[in-house]
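Visitor: The structure that follows is given in the form of structure tokens.
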Amino acid sequence: MKIFIEKTNKNMNKKFIGTVGKLLSELKINPETVLVTRSNELITDDIRLKDKDNIKILSVVSGG
Amino acid sequence: MKCSKCSDKAVFQNPNLCKKHFIAYFENKVKNTIKKYKLLTKKDKIVVACSGGKDSISVLYLVKKFVKDPVAIAIDEGIKGYRSKTLEDLKEFCKQNKIKLKIYSYEDYFGASLDKMKKLTHLIPCTICGTFRRYMLNKYSKEYTKIVTGHNLDDEAQSIFMNLLKNNLEISARLGPETGLIKDKRFTPRVKPLYFCTEKETIAYSLLMGFPVTYTECPYSSLSHRMFIRDSLNSYENKRPGFKQTLIDGFIKTLPKLKKHFKTKVTTNSCEECGGVSDNKICMTCKLSKEIKNKSLYKNKHNLNT
């Protein structure tokens, strides 16, 4: 799975199958601070992800 | 997860809503806040304080639906690689939506950018920035009846907590959907239509509306006390969902009493240099700008790099 983390401007490849909530937990990201998109569409924490998915983890906390 | 209003897939959770119903929910919340607290009227001449981030672009878009010809105003602090990016988004947005935009800079008004000021003083940049930005916004908003800001529920929760930790209830008394304690012609009233919208809801709205918002982080934010409070509140919110909303609901109930109590204690003294409101003979803006000018002259005289 291709993952882009906006806050750190980091791209990563990760083998993962499970829900968005589980992915955030594995990455130690507080779900309160992010929104997640798959192929540029907003998705909720219960959505099951597949290994071929293209995921963006967008920061919602203000940067200044 | 399904939308709680229809059978479509939810794009947001808590509340669980699809794109169409989330946009309606967000816009209604803003509209209700404006109506309930009488933040804007058709007669108002409005200026919207903009940074170019998600909050100010969303509020600018929504305010344009309520009042005729709002003007956007932005303060360029001069933070390399940060403000320039958000201002580009703002310029593009204003051009697309036919909104007049005025930009003023620290460099032109105070003679130095924030990056340069940071090198000249021992103060943390957020202190200088907050003081100067507030001063300039007020200075360039005299011809308007209200300043609209993009402050959201998270910003307000952070301010309440910061004031509690500083044991400064008087500053909290100035918060709320409309700021301030008394009407004073030296201040243009500030209103916050996004008061009950969380930061997460605001960015979801800006994404779903396709606003041009780039994520950027101020290079000085790690030095700010607010960022520490923000992260602490978000950790608690994750453990106790709804905590920030409950905090604001409780605060808004006590706010009329707080305002009444502190109204009588408000200073109406003027700064001897600029005539602005000040508890002391010289206001914080004049004190800081003088300190920066003196240090700048000293360094130039001694050929020191700034």
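In the structure tokens, chains take letters A, B, ... by order of appearance, with residues numbered from 1 within each chain and ligands from 1 in the order shown.
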For chain A, which residues have at least one atom within 7 Å of chain B, if we go by only C-alpha atoms? Write them as a count of residues only, please.
Guide: 11
Visitor: DSSP says helix (DSSP H, G or I) for which residues of chain A? Put them as a PyMOL selection string?
Guide: chain A and resi 20-26+31-33
Visitor: What's the 10 Å shell around Lys64 of chain B, counting only C-alpha atoms, without same-chain residues fewer than 4 positions away, as a ChimeraX atom specification?
Guide: /B:46,48,59-60,68-71,97,99
Visitor: Residues at most 10 Å from Asn9 of chain A, counting only C-alpha atoms, excluding those fewer than 3 positions away in the same chain, as a ChimeraX atom specification?
Guide: /A:4-6,57-58 /B:215
